[in-house]
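One structure below.
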Amino acid sequence: MIFQDVSKHDMNVMRVLKFLQKSPAKPEQGAKQDMIILSSAHGSVSVSQDCLVGLAREGYLQAHKDEKISLSLQGVDYIKLQKNSRLADIHLENEVCQKRVKANLAESPLAVLYRMKNSSGQSFLTEEEFNAGERLRSDFTRGSMMPRITSNWEAHVISHSRGATHGGVELSDGALSARLRVEKALDAVGPELSGALVDICCFLKTVTQVETERSWPARSAKMMIKTGLSMLHRHYHPIAQGRTSAGILHWGAHGYRPAL
């Protein structure tokens, strides 16, 4: 998770992750319909269902056969990153809202390119290009398009909440909408560059990996990625182009009459 909403929600996320870092816990229905109680040998902690499901979808949690949950390796790495991370304010927007978030610039290959400087001392990627790549990654994650490497216990968490069927439908609709946005974005970029963008932005492959797997010349991938991100930005922010003049429609000699 590169982006963290600058809000109280972040504190709740870290509280839950640090609790699960001690030992696995069993989720149980809380007193309120939208609350889940995590119980372990170290005590218990309450967490909203939305927060817990969100952590599961991000891959920070893993399920066990005894219905307990614990931190995944990705969750452990996330806690380590928070202790020594390079955070920067980034403006992120999608079709629904705009917000200012904190980005860990040490986490993704795209962020590495964003930190690079060109000959004039400016960032190799513009903020617009960087945001376009993160918007693609956000939709890719929301659409559940990342291959699962842990058990899918999201439905298990929801099943512990009474009357949560409607919430599951909303999640499915949101995932479908995200997938459609990803498809449109990649179609706009074209097949020549869309695969490399997915590798860098979504699968977090390094520039060197992309060059090796695609047999591209050394140090060529970053320019290809920059070009693809520029096209992606234009897709997300199309420029209105009006017709300035009627133009010449047909040449004809004196006395010419069009056929009816």
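Letters for chains follow the order of the structure tokens (A, B, ...), residue numbers begin at 1 for each chain, and ligand numbers begin at 1 in the order shown.
When the distance limit is 10 Å and only C-alpha atoms are what count, the residues near Ala185 (chain A), minus those fewer than 2 positions from it on the same chain, are Ala132, Leu136, Arg179, Leu180, Arg181, Val182, Glu183, Asp187, Ala188, Val189, Gly190, Ser194, Met231, Leu232, His233, Arg234, His235 and Tyr236 of chain A.
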query = Do you know which residues are at most 9 Å from Lys18 (chain A) counting only C-alpha atoms, after dropping those on the same chain fewer than 6 positions away, and could you put them as a list in words?
reply = Leu71, Val76 and Ile79 of chain A
Saved selection, atoms kept: N, CA and C atoms, as an mmCIF file, in the first residue's frame:
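What landed in out16.cif:
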data_model
loop_
_atom_site.group_PDB
_atom_site.id
_atom_site.type_symbol
_atom_site.label_atom_id
_atom_site.label_comp_id
_atom_site.auth_asym_id
_atom_site.auth_seq_id
_atom_site.Cartn_x
_atom_site.Cartn_y
_atom_site.Cartn_z
ATOM 1 N N LEU A 71 -0.770 -11.653 10.429
ATOM 2 C CA LEU A 71 -0.104 -10.822 9.434
ATOM 3 C C LEU A 71 0.525 -11.683 8.352
ATOM 4 N N VAL A 76 3.946 -7.590 7.480
ATOM 5 C CA VAL A 76 5.155 -7.378 8.290
ATOM 6 C C VAL A 76 6.061 -6.345 7.644
ATOM 7 N N ILE A 79 4.806 -2.730 8.164
ATOM 8 C CA ILE A 79 5.128 -2.156 9.473
ATOM 9 C C ILE A 79 6.570 -1.677 9.503
#
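When the distance limit is 12 Å and only C-alpha atoms are what count, the residues near Lys205 (chain A), minus those fewer than 3 positions from it on the same chain, are A:Glu107, A:Ser108, A:Pro109, A:Leu110, A:Ala111, A:Val112, A:Gly195, A:Ala196, A:Leu197, A:Val198, A:Asp199, A:Ile200, A:Cys201, A:Cys202, A:Thr208, A:Gln209, A:Val210, A:Glu211, A:Thr212, A:Glu213, A:Ala221.
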query = What separation in Å, quoted to one decimal, exists between CA of Asn12 (chain A) and CA of Met35 (chain A)?
reply = 12.7 Å
ask   = Hey, what's within 9 Å of Tyr60 (chain A) if we count only C-alpha atoms and toss same-chain stuff fewer than 2 positions away? As number ranges by chain, please?
value = A: 17, 55-58, 62, 70-76, 78
ask   = Of the candidates A:Leu186, A:Lys117, A:Gly54, A:Leu229, which one gets nearest to Arg142 (chain A) if we count only C-alpha atoms?
value = A:Gly54
query = Neighbours of Leu52 (chain A) within 9 Å (only C-alpha atoms; same-chain residues fewer than 2 positions away dropped), as number ranges by chain?
reply = A: 13, 16, 36, 47-50, 54-57, 61, 154, 157
Residues from last step as file, C-alpha atoms, as a compact mmCIF listing (two decimals), in the first residue's frame:
# COMPACT_ATOMS: atom_id res chain seq x y z
CA VAL A 13 -4.73 0.35 10.59
CA VAL A 16 -4.63 -3.59 14.17
CA ILE A 36 -15.34 -6.95 14.51
CA VAL A 47 -11.87 -2.86 14.38
CA SER A 48 -14.41 -1.80 11.79
CA GLN A 49 -15.43 -4.39 9.24
CA ASP A 50 -14.46 -2.05 6.39
CA GLY A 54 -9.58 -3.50 3.27
CA LEU A 55 -6.46 -4.97 4.90
CA ALA A 56 -7.41 -8.39 3.59
CA ARG A 57 -7.87 -7.13 0.05
CA LEU A 61 -3.48 -10.56 6.33
CA GLU A 154 -12.61 -11.67 2.91
CA VAL A 157 -14.91 -11.75 7.65
